[in-house]
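**Q** After the structure tokens below, expect a handful of questions from me.
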Amino acid sequence: MSELRRHWTPTAVLYLVLSVAGLVGTWTFNALAIVQMRDFLGDLVASGPAVSSITVDLLVVAVAGSVFVIVEARRIGMRFGWLYVVLSGLTAFAFTFPLFLAMRQRHLTARRAATTGA
């Protein structure tokens, strides 16, 4: 088995698929907003209580997830954990968080393999 494929567990692949879905899904709507010249932030907060509720909900989850990414990356010795948080501002947290989880799973699998000699 090649070195590259060895650490891609089914869980890591699932997280990677979710990451791609998050990127495609969010950027499809971002592109629509740009083409339609919408006020992106204004639409988020001024389109009624339901949209505002979802906005606050997702913002709190993104902040908590960002803290988790940084703390967990440090705890298990992953380098550049902060980069996932920075990239979420440029892409989407729906992309970077599952991507982090996929890379975390690979890191843990590789670490486990190294300690067992597999």
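Following the order of the structure tokens, first chain is A, next is B, and so on, with residues numbered from 1 inside each chain and ligands from 1 in the order they appear.
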Need the shell around A:Leu14: protein/DNA/RNA residues with any atom at most 9 Å away, counting only C-alpha atoms. Skip same-chain ones fewer than 4 positions apart. Format as JSON, numbers by chain?
**A** {"A": [9, 10, 18, 19, 98, 102]}
**Q** Which residues of stretch 11-93 of chain A come within 8 Å of stretch 106-115 of chain A, and what is each one's closest atom pair and distance in Å (one decimal), counting only C-alpha atoms, sorted by chain and residue number, as CSV?
**A**
residue,atom,partner,partner_atom,distance
A:Ala12,CA,A:Arg106,CA,6.4
A:Ile76,CA,A:Leu108,CA,7.9
A:Met78,CA,A:His107,CA,7.3
**Q** Please produce an output containing N, CA and C atoms for each residue in the selection, written as a PDB file, in the first residue's frame.
**A**
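Just written: selection_23.pdb:
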ATOM      1  N   ALA A  12     -11.675   9.750   7.521  1.00  0.00           N
ATOM      2  CA  ALA A  12     -10.954  10.876   6.922  1.00  0.00           C
ATOM      3  C   ALA A  12     -11.525  11.199   5.544  1.00  0.00           C
ATOM      4  N   ILE A  76      -2.313  17.569  19.645  1.00  0.00           N
ATOM      5  CA  ILE A  76      -1.839  16.356  18.984  1.00  0.00           C
ATOM      6  C   ILE A  76      -0.589  16.587  18.133  1.00  0.00           C
ATOM      7  N   MET A  78      -0.146  18.782  15.481  1.00  0.00           N
ATOM      8  CA  MET A  78      -0.307  19.157  14.069  1.00  0.00           C
ATOM      9  C   MET A  78       0.234  20.570  13.874  1.00  0.00           C
TER      10      MET A  78
END
**Q** Quick one: everything within 12 Å of A:Ala21, counting only C-alpha atoms, minus sequence neighbours fewer than 3 positions away in the same chain. Send it as a PyMOL selection string.
**A** chain A and resi 14-18+24-28+92-99
**Q** Could you list, as a ChimeraX atom specification, every residue within 10 Å of A:Phe68, counting only C-alpha atoms and ignoring same-chain residues fewer than 5 positions away?
**A** /A:62-63,73-74,81,97
**Q** Tell me which of A:Gln105, A:Val13, A:Tyr84, A:Val20 sits closest to A:Ile70, counting only C-alpha atoms.
**A** A:Tyr84
**Q** Any idea what the distance is between atom CA of A:Val69 and atom CA of A:Leu101?
**A**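 According to the coordinates, atom CA of A:Val69 and atom CA of A:Leu101 are separated by 8.6 Å.
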**Q** Apply DSSP to the backbone of this structure and, from chain A, keep only the residues in helix (DSSP H, G or I); write these as a ChimeraX atom specification.
**A** /A:3-6,10-35,40-46,49-76,81-90,93-116
**Q** Please produce a file of the residues just selected, as a short mmCIF file (atom, residue, chain, number, x, y, z; two decimals), in the first residue's frame, where the atoms kept are C-alpha atoms.
**A**
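Dumped everything to again_24.cif:
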data_model
loop_
_atom_site.label_atom_id
_atom_site.label_comp_id
_atom_site.auth_asym_id
_atom_site.auth_seq_id
_atom_site.Cartn_x
_atom_site.Cartn_y
_atom_site.Cartn_z
CA GLU A 3 2.45 5.78 1.85
CA LEU A 4 -0.03 8.42 0.64
CA ARG A 5 -3.12 6.17 0.68
CA ARG A 6 -2.29 4.32 3.87
CA PRO A 10 -13.02 5.94 5.77
CA THR A 11 -13.64 8.62 8.42
CA ALA A 12 -10.95 10.88 6.92
CA VAL A 13 -12.44 10.40 3.44
CA LEU A 14 -15.92 11.25 4.76
CA TYR A 15 -14.59 14.46 6.31
CA LEU A 16 -12.83 15.32 3.05
CA VAL A 17 -16.04 14.79 1.04
CA LEU A 18 -17.92 17.04 3.50
CA SER A 19 -15.18 19.63 3.15
CA VAL A 20 -15.53 19.70 -0.65
CA ALA A 21 -19.33 19.87 -0.33
CA GLY A 22 -18.94 22.81 2.07
CA LEU A 23 -16.65 24.64 -0.33
CA VAL A 24 -18.80 24.05 -3.41
CA GLY A 25 -22.07 24.78 -1.58
CA THR A 26 -20.98 28.02 0.03
CA TRP A 27 -19.07 29.38 -2.95
CA THR A 28 -21.96 28.68 -5.30
CA PHE A 29 -24.06 31.10 -3.27
CA ASN A 30 -21.14 33.51 -2.79
CA ALA A 31 -20.73 33.66 -6.57
CA LEU A 32 -24.46 34.31 -7.00
CA ALA A 33 -24.27 37.14 -4.46
CA ILE A 34 -21.33 38.66 -6.33
CA VAL A 35 -22.98 38.35 -9.76
CA PHE A 40 -23.65 40.19 1.50
CA LEU A 41 -23.39 41.34 5.13
CA GLY A 42 -26.55 43.40 4.87
CA ASP A 43 -28.48 40.38 3.57
CA LEU A 44 -27.20 38.29 6.49
CA VAL A 45 -28.45 40.64 9.18
CA ALA A 46 -31.40 42.40 7.54
CA PRO A 49 -35.24 37.09 12.32
CA ALA A 50 -34.87 33.58 10.87
CA VAL A 51 -31.81 34.52 8.82
CA SER A 52 -30.38 36.43 11.77
CA SER A 53 -30.95 33.40 14.01
CA ILE A 54 -29.10 31.12 11.58
CA THR A 55 -26.33 33.71 11.25
CA VAL A 56 -25.78 33.90 15.01
CA ASP A 57 -26.05 30.11 15.30
CA LEU A 58 -23.38 29.51 12.66
CA LEU A 59 -21.16 32.30 13.92
CA VAL A 60 -21.07 30.83 17.43
CA VAL A 61 -20.36 27.35 16.03
CA ALA A 62 -17.58 28.74 13.82
CA VAL A 63 -15.94 30.53 16.75
CA ALA A 64 -16.17 27.44 18.99
CA GLY A 65 -14.89 25.26 16.14
CA SER A 66 -12.01 27.64 15.50
CA VAL A 67 -10.96 27.44 19.15
CA PHE A 68 -11.20 23.63 18.92
CA VAL A 69 -9.07 23.55 15.77
CA ILE A 70 -6.28 25.58 17.36
CA VAL A 71 -6.34 23.74 20.71
CA GLU A 72 -6.65 20.27 19.17
CA ALA A 73 -3.92 20.91 16.59
CA ARG A 74 -1.55 21.93 19.39
CA ARG A 75 -2.59 19.02 21.59
CA ILE A 76 -1.84 16.36 18.98
CA GLY A 81 -3.59 24.58 12.90
CA TRP A 82 -4.15 28.34 12.87
CA LEU A 83 -4.07 28.26 9.06
CA TYR A 84 -7.44 26.46 8.94
CA VAL A 85 -8.98 29.36 10.88
CA VAL A 86 -7.40 31.95 8.58
CA LEU A 87 -8.51 30.04 5.47
CA SER A 88 -12.08 29.90 6.78
CA GLY A 89 -12.24 33.68 6.40
CA LEU A 90 -11.16 33.36 2.78
CA PHE A 93 -15.79 27.31 7.74
CA ALA A 94 -17.98 24.62 6.13
CA PHE A 95 -14.88 23.84 4.05
CA THR A 96 -12.01 24.29 6.50
CA PHE A 97 -13.50 22.55 9.55
CA PRO A 98 -14.18 19.20 7.83
CA LEU A 99 -10.81 19.59 6.07
CA PHE A 100 -9.15 19.97 9.48
CA LEU A 101 -11.03 16.91 10.75
CA ALA A 102 -9.82 14.89 7.73
CA MET A 103 -6.21 15.97 8.27
CA ARG A 104 -6.55 15.33 12.01
CA GLN A 105 -7.80 11.81 11.31
CA ARG A 106 -4.85 11.18 8.97
CA HIS A 107 -2.43 12.59 11.56
CA LEU A 108 -3.83 10.35 14.31
CA THR A 109 -3.76 7.29 12.02
CA ALA A 110 -0.16 7.98 11.02
CA ARG A 111 0.84 8.52 14.65
CA ARG A 112 -0.86 5.29 15.68
CA ALA A 113 0.87 3.41 12.85
CA ALA A 114 4.24 4.84 13.88
CA THR A 115 3.83 3.75 17.50
CA THR A 116 2.70 0.23 16.58
#
